[in-house]
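Dumped start.csv below, it's CSV, C-alpha atoms and all ligand atoms:
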```csv
chain,number,residue,atom,x,y,z
A,1,MET,CA,-3.2,-23.1,-16.2
A,2,ARG,CA,-2.0,-20.2,-14.1
A,3,GLY,CA,1.7,-19.3,-14.6
A,4,ALA,CA,4.5,-18.7,-12.1
A,5,ASP,CA,3.0,-15.3,-11.3
A,6,ASP,CA,0.5,-17.1,-9.2
A,7,SER,CA,3.0,-17.6,-6.4
A,8,ILE,CA,5.3,-15.4,-4.4
A,9,ALA,CA,8.5,-16.2,-2.5
A,10,LYS,CA,7.7,-16.4,1.1
A,11,GLU,CA,10.5,-14.1,2.2
A,12,ALA,CA,9.3,-11.5,-0.3
A,13,LEU,CA,5.8,-11.8,1.1
A,14,PHE,CA,7.0,-11.4,4.7
A,15,ARG,CA,8.8,-8.2,3.7
A,16,GLU,CA,5.8,-6.9,1.8
A,17,LEU,CA,3.7,-7.5,4.9
A,18,GLY,CA,6.2,-5.4,6.9
A,19,TYR,CA,8.2,-8.1,8.7
A,20,ALA,CA,12.0,-7.7,9.0
A,21,GLY,CA,12.7,-11.3,10.1
A,22,PRO,CA,13.7,-13.7,11.5
A,23,TRP,CA,11.4,-15.9,9.4
A,24,GLU,CA,11.3,-19.0,11.6
A,25,PRO,CA,8.5,-17.9,13.9
A,26,LEU,CA,6.4,-16.7,11.0
A,27,GLU,CA,7.0,-19.9,9.1
A,28,GLN,CA,6.0,-21.9,12.2
A,29,ALA,CA,2.8,-19.8,12.7
A,30,LEU,CA,1.8,-20.4,9.0
A,31,ALA,CA,2.5,-24.1,9.3
A,32,GLU,CA,0.4,-24.3,12.5
A,33,ALA,CA,-2.4,-22.6,10.6
A,34,GLY,CA,-2.1,-25.2,7.9
A,35,LEU,CA,-1.2,-22.5,5.2
A,36,THR,CA,2.2,-23.8,4.2
A,37,SER,CA,5.1,-26.0,5.1
A,38,PRO,CA,8.4,-24.5,6.1
A,39,ARG,CA,10.0,-26.7,3.4
A,40,LYS,CA,8.3,-24.7,0.6
A,41,GLN,CA,10.0,-21.6,-0.7
A,42,ARG,CA,6.9,-20.1,-2.3
A,43,ILE,CA,3.3,-19.6,-1.5
A,44,SER,CA,0.2,-19.0,-3.6
A,45,ARG,CA,-0.9,-15.4,-3.9
A,46,GLN,CA,-4.4,-16.5,-3.2
A,47,LYS,CA,-3.3,-17.2,0.4
A,48,ILE,CA,-1.9,-13.7,1.0
A,49,GLU,CA,-4.9,-12.4,2.8
A,50,ARG,CA,-5.0,-15.5,5.1
A,51,VAL,CA,-1.3,-15.2,5.7
A,52,ARG,CA,-1.7,-11.5,6.7
A,53,GLU,CA,-4.5,-12.3,9.1
A,54,THR,CA,-2.7,-15.3,10.6
A,55,LEU,CA,0.4,-13.3,11.2
A,56,ARG,CA,-1.4,-10.2,12.5
A,57,ALA,CA,-3.3,-12.3,15.0
A,58,ARG,CA,0.0,-13.7,16.4
A,59,PHE,CA,2.6,-10.9,16.0
A,60,ALA,CA,2.6,-7.2,16.6
A,61,LEU,CA,4.8,-5.3,14.2
A,62,VAL,CA,7.1,-2.9,16.1
A,63,CYS,CA,9.9,-0.8,14.6
A,64,GLY,CA,13.4,-0.6,16.2
A,65,ARG,CA,12.9,2.9,17.7
A,66,GLY,CA,13.4,2.9,21.5
A,67,ASP,CA,10.0,4.6,22.1
A,68,CYS,CA,8.2,2.0,20.1
A,69,GLN,CA,10.0,-0.9,21.7
A,70,ALA,CA,9.3,0.5,25.1
A,71,GLY,CA,5.6,1.1,24.2
A,72,ALA,CA,5.1,-2.2,22.5
A,73,ALA,CA,3.5,-3.9,25.6
A,74,GLU,CA,0.4,-1.7,25.2
A,75,ILE,CA,-0.5,-2.9,21.7
A,76,LEU,CA,0.5,-6.6,22.0
A,77,ALA,CA,-2.9,-7.9,23.2
A,78,GLY,CA,-1.5,-11.4,23.7
A,79,ARG,CA,0.7,-11.3,20.6
A,80,ARG,CA,4.5,-11.6,20.3
A,81,PRO,CA,6.4,-8.5,19.0
A,82,ALA,CA,8.0,-8.9,15.6
A,83,LEU,CA,10.5,-6.4,14.2
A,84,ALA,CA,8.9,-4.1,11.5
A,85,LEU,CA,10.8,-3.6,8.3
A,86,ARG,CA,9.8,0.0,7.9
A,87,GLN,CA,8.6,2.6,10.4
A,88,ALA,CA,5.4,2.9,8.4
A,89,ASP,CA,4.7,-0.8,9.2
A,90,CYS,CA,5.1,-0.2,13.0
A,91,GLU,CA,1.9,-0.6,14.9
A,92,VAL,CA,3.0,1.9,17.5
A,93,CYS,CA,4.3,4.8,15.4
A,94,GLY,CA,3.7,4.0,11.8
A,95,GLY,CA,-0.1,3.5,12.0
A,96,SER,CA,-0.5,6.9,13.6
A,97,VAL,CA,1.8,8.6,11.0
A,98,ASN,CA,-0.2,7.1,8.1
A,99,ARG,CA,-3.6,7.8,9.8
A,100,HIS,CA,-2.7,11.5,10.4
A,101,ALA,CA,-1.4,11.9,6.8
A,102,VAL,CA,-4.6,10.3,5.3
A,103,ASP,CA,-6.8,12.4,7.5
A,104,GLN,CA,-5.1,15.5,6.2
A,105,MET,CA,-5.3,14.2,2.6
A,106,VAL,CA,-9.1,13.6,3.0
A,107,ALA,CA,-9.5,17.2,4.3
A,108,ALA,CA,-7.5,18.6,1.4
A,109,CYS,CA,-9.5,16.6,-1.1
A,110,GLN,CA,-12.8,17.8,0.5
A,111,ARG,CA,-11.7,21.4,0.2
A,112,ALA,CA,-10.7,20.8,-3.5
A,113,GLY,CA,-13.9,18.9,-4.2
A,114,PHE,CA,-12.1,15.7,-5.1
A,115,ARG,CA,-13.6,12.4,-4.0
A,116,ARG,CA,-12.7,9.8,-6.6
A,117,PHE,CA,-9.1,8.5,-6.7
A,118,CYS,CA,-7.6,5.9,-8.9
A,119,VAL,CA,-4.2,4.7,-7.5
A,120,VAL,CA,-2.0,2.8,-9.9
A,121,GLY,CA,0.8,0.9,-8.2
A,122,GLY,CA,1.5,0.1,-4.6
A,123,SER,CA,1.6,-3.3,-2.8
A,124,PRO,CA,-1.5,-5.1,-1.8
A,125,GLU,CA,-0.6,-4.3,1.8
A,126,ALA,CA,-0.4,-0.5,1.0
A,127,HIS,CA,-3.7,-0.8,-0.8
A,128,ARG,CA,-5.3,-2.4,2.2
A,129,GLN,CA,-4.0,0.3,4.5
A,130,LEU,CA,-5.2,3.1,2.2
A,131,GLU,CA,-8.7,1.6,2.0
A,132,GLU,CA,-8.9,1.1,5.7
A,133,LEU,CA,-7.7,4.6,6.5
A,134,ALA,CA,-9.8,6.4,3.9
A,135,ALA,CA,-12.9,4.2,4.4
A,136,GLY,CA,-16.2,5.9,3.6
A,137,ARG,CA,-14.5,9.2,2.9
A,138,LEU,CA,-12.9,8.8,-0.5
A,139,GLU,CA,-13.8,6.5,-3.4
A,140,LEU,CA,-10.8,4.5,-4.4
A,141,ARG,CA,-9.9,2.3,-7.4
A,142,LEU,CA,-6.7,0.5,-6.7
A,143,VAL,CA,-4.8,-0.9,-9.6
A,144,GLY,CA,-2.0,-3.5,-8.9
A,145,ASN,CA,-0.2,-6.0,-11.0
A,146,GLU,CA,-2.6,-8.8,-10.1
A,147,ARG,CA,-5.2,-8.2,-12.8
A,148,ARG,CA,-4.8,-7.6,-16.5
A,149,HIS,CA,-5.1,-4.0,-17.1
A,150,THR,CA,-6.0,-2.7,-20.6
A,151,HIS,CA,-6.0,0.6,-22.4
A,152,ARG,CA,-9.8,0.5,-22.0
A,153,ASP,CA,-9.6,0.1,-18.3
A,154,ALA,CA,-7.2,3.0,-18.1
A,155,GLU,CA,-9.5,5.3,-20.1
A,156,ALA,CA,-12.5,4.4,-17.9
A,157,ASN,CA,-10.4,5.1,-14.8
A,158,LEU,CA,-9.3,8.5,-16.2
A,159,ARG,CA,-12.9,9.4,-16.9
A,160,TRP,CA,-14.1,8.3,-13.5
A,161,ALA,CA,-11.4,9.7,-11.2
A,162,ASP,CA,-10.9,13.2,-10.0
A,163,ARG,CA,-7.2,12.4,-9.8
A,164,VAL,CA,-5.2,9.4,-10.9
A,165,ILE,CA,-2.1,8.7,-8.7
A,166,ILE,CA,0.7,6.9,-10.4
A,167,TRP,CA,2.6,5.4,-7.5
A,168,GLY,CA,6.0,5.1,-9.1
A,169,SER,CA,9.0,3.4,-7.4
A,170,THR,CA,6.6,0.6,-6.3
A,171,GLN,CA,6.1,-2.8,-7.8
A,172,ILE,CA,3.8,-1.7,-10.7
A,173,ALA,CA,4.7,-2.8,-14.2
A,174,HIS,CA,5.7,0.0,-16.6
A,175,LYS,CA,3.3,-1.3,-19.2
A,176,VAL,CA,0.5,-0.5,-16.8
A,177,THR,CA,1.6,3.0,-15.8
A,178,GLU,CA,2.3,4.0,-19.4
A,179,LEU,CA,-1.4,3.6,-20.1
A,180,TYR,CA,-1.9,6.7,-17.9
A,181,ALA,CA,1.1,8.8,-19.2
A,182,ALA,CA,-0.8,10.7,-21.8
A,183,GLY,CA,-0.1,14.2,-20.3
A,184,ASN,CA,-3.6,14.1,-18.7
A,185,PRO,CA,-3.8,16.9,-16.1
A,186,LYS,CA,-5.6,14.5,-13.8
A,187,VAL,CA,-2.5,12.4,-13.5
A,188,VAL,CA,-0.2,12.9,-10.5
A,189,THR,CA,3.0,11.0,-10.1
A,190,VAL,CA,4.3,10.0,-6.6
A,191,HIS,CA,7.9,9.0,-6.5
A,192,LYS,CA,8.1,7.7,-2.9
A,193,ARG,CA,6.8,4.6,-1.3
A,194,GLY,CA,4.6,4.6,1.8
A,195,VAL,CA,1.0,5.6,2.5
A,196,ALA,CA,2.0,8.8,4.3
A,197,GLU,CA,4.2,9.9,1.3
A,198,LEU,CA,1.3,9.2,-1.1
A,199,ALA,CA,-1.0,11.3,1.1
A,200,ARG,CA,1.4,14.2,1.2
A,201,ALA,CA,1.8,14.2,-2.6
A,202,VAL,CA,-2.0,14.1,-3.1
A,203,ILE,CA,-2.3,17.1,-0.6
A,204,SER,CA,0.1,19.1,-2.7
A,205,ALA,CA,-1.8,18.2,-5.9
A,206,CYS,CA,-5.0,19.4,-4.3
A,207,LYS,CA,-3.7,22.9,-3.5
A,208,PRO,CA,-5.8,25.7,-5.1
A,209,GLY,CA,-2.7,27.2,-6.8
A,210,ASP,CA,-2.1,23.9,-8.4
A,211,ALA,CA,-4.6,24.0,-11.2
A,212,PRO,CA,-4.0,21.4,-13.9
A,213,GLY,CA,-0.6,21.8,-15.2
A,214,GLY,CA,0.6,23.6,-12.0
A,215,GLY,CA,2.3,21.5,-9.4
A,216,ILE,CA,1.2,18.3,-11.0
A,217,SER,CA,4.0,16.2,-12.3
A,218,GLY,CA,3.1,14.8,-15.7
A,219,PRO,CA,4.9,12.3,-17.8
A,220,ALA,CA,8.5,13.2,-18.4
A,221,THR,CA,8.7,11.6,-21.8
B,301,ZN,ZN,7.7,2.6,15.6
```
Here is the file; what I need is its structure written in the form of structure tokens.
Ligand SMILES: [Zn+2]
Amino acid sequence: MRGADDSIAKEALFRELGYAGPWEPLEQALAEAGLTSPRKQRISRQKIERVRETLRARFALVCGRGDCQAGAAEILAGRRPALALRQADCEVCGGSVNRHAVDQMVAACQRAGFRRFCVVGGSPEAHRQLEELAAGRLELRLVGNERRHTHRDAEANLRWADRVIIWGSTQIAHKVTELYAAGNPKVVTVHKRGVAELARAVISACKPGDAPGGGISGPAT
């Protein structure tokens, strides 16, 4: 039997996917797609990808900025606009900010000779964005809470990766991140959420002056 971890509150999922509400239109879309009933508070995590696709097909995420609201018509493609929770989730401005930051990150990594990254932490949605934006240019291992992660897994990732990014302040369990907090010079800690913020932190960790031990933030304990 799988435990309570196998489901997520629907409102939490909507927020994770970048929606600021109201939830009724989202609920209705999911009900029409046969994924859930509006009466249910929670939904199986195994449905997350189908929920994401269903909502993306029907709603365009647009943040509250005037420019984005005004420019939304261009990206709707038959969809209805939905208010984005964060600017990074906005399909008008957020996507381009993230894309630009990841492009710069890839360039910095190529100059530094880094290709393999293990990212520990971050939401499934952030992982998806990162994979999509870095596709074919960086090798990524993404570690979330969804799988059991052991000391052995962490050691293998530390050997494999050029840099291990601990994405703190996200939903990763402390017992997972502490597997990487052994003062290893490969480990970089990022304290801010958001794909663009992660990219900027990786760029500063790739600077030639930042040899191991330099600008890299190791464990504080
Ligand atoms: Zn925007």
Practice prompt. Collect all residues with atoms no farther than 10 Å from ligand ZN 301 (chain B), counting all atoms listed in the file, and output them as an NGL selection string.
Written response: :A and (61-72 or 83-84 or 86-97)
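For Leu138 (chain A), the non-local neighbours within 9 Å, defined as residues at least 2 positions apart in the same chain or in other chains and counting only C-alpha atoms, are Val106, Cys109, Phe114, Arg115, Arg116, Phe117, Glu131, Ala134, Ala135, Gly136 and Leu140 of chain A.
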Fill in: Between CA of Arg148 (chain A) and CA of Ile203 (chain A) - distance in Å to one decimal
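That distance, rounded to one decimal, is 29.5 Å.
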Discussion item. Just want the 10 Å neighbourhood of Glu27 (chain A), counted on all atoms listed in the file, with same-chain residues fewer than 5 positions away dropped. Output as a list of chain:residue names.
Written reply: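 So the residues in contact are A:Lys10, A:Glu11, A:Phe14, A:Pro22, A:Glu32, A:Ala33, A:Leu35, A:Thr36, A:Ser37, A:Pro38, A:Arg39, A:Lys40, A:Leu55.
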Wanna dump the region 111-150 of chain A-region 156-168 of chain A contacts at 12 Å for me, each residue with its shortest atom pair and the distance in Å to one decimal, counting only C-alpha atoms, ordered by chain and number, as a tab-separated table?
```
residue	atom	partner	partner_atom	distance
A:Ala112	CA	A:Asp162	CA	10.0
A:Gly113	CA	A:Asp162	CA	8.7
A:Phe114	CA	A:Asp162	CA	5.6
A:Arg115	CA	A:Asp162	CA	6.6
A:Arg116	CA	A:Ala161	CA	4.8
A:Phe117	CA	A:Ala161	CA	5.2
A:Cys118	CA	A:Val164	CA	4.7
A:Val119	CA	A:Ile165	CA	4.7
A:Val120	CA	A:Ile166	CA	4.9
A:Gly121	CA	A:Trp167	CA	4.9
A:Gly122	CA	A:Trp167	CA	6.1
A:Ser123	CA	A:Trp167	CA	9.9
A:Ala126	CA	A:Trp167	CA	10.8
A:His127	CA	A:Trp167	CA	11.1
A:Leu138	CA	A:Asp162	CA	10.7
A:Glu139	CA	A:Ala161	CA	8.8
A:Leu140	CA	A:Ala161	CA	8.6
A:Arg141	CA	A:Asn157	CA	7.9
A:Leu142	CA	A:Ile165	CA	9.6
A:Val143	CA	A:Ile166	CA	9.6
A:Gly144	CA	A:Trp167	CA	10.1
A:His149	CA	A:Asn157	CA	10.8
A:Thr150	CA	A:Ala156	CA	10.0
```
Practice prompt. Quote the spacing between CA of Arg58 (chain A) and CA of Ile75 (chain A) in Å to one decimal place.
Written response: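 For CA of Arg58 (chain A) relative to CA of Ile75 (chain A), the distance reads 12.0 Å.
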Worksheet entry | Atom-to-atom span, CA of Glu125 (chain A) and CA of Arg56 (chain A), Å |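 Calculated distance between CA of Glu125 (chain A) and CA of Arg56 (chain A) is 12.2 Å.
Minimum atom-to-atom distance to Asp6 (chain A), evaluated using only C-alpha atoms, belongs to A:Arg45 out of A:Glu53, A:Pro25, A:Arg45, A:Tyr19.
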Please, what is the axis-aligned box for every listed atom of region 114-131 of chain A with 3 Å on each side, as centre and edge lengths in Å to one decimal, as AutoDock Vina command-line options?
```
--center_x -6.0 --center_y 5.3 --center_z -2.7 --size_x 21.2 --size_y 26.8 --size_z 20.4
```
Practice prompt. Would you list the residues near (1.4, -1.0, -20.8) (no more than 12 Å away, in the coordinates of the file, using all atoms listed in the file) as a list of chain:residue names?
Written response: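 Those residues lying close to the given coordinates are A:Asn145, A:Arg148, A:His149, A:Thr150, A:His151, A:Arg152, A:Asp153, A:Ala154, A:Ile172, A:Ala173, A:His174, A:Lys175, A:Val176, A:Thr177, A:Glu178, A:Leu179, A:Tyr180, A:Ala181, A:Ala182.
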Item to complete: Go through A:Gly183, A:Gly78, A:Glu132, A:Arg137 and flag the residue nearest Ala108 (chain A), using all atoms listed in the file for the distances.
Response: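 For Ala108 (chain A), the nearest of the candidates is A:Arg137.
The smallest atom-to-atom distance between Gly21 (chain A) and any of A:Pro185, A:Met105, A:Glu155, A:Ala82, using all atoms listed in the file, is found for A:Ala82.
Using only C-alpha atoms for every distance, the candidate list A:Val187, A:Val195, A:Ala9, A:Ala77 yields A:Val195 as the residue closest to Leu133 (chain A).
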Worksheet entry | Test item: residues at most 7 Å from Ala196 (chain A), all atoms listed in the file, excluding those fewer than 4 positions along its chain, as an NGL selection string | :A and (97-98 or 101-102 or 200)
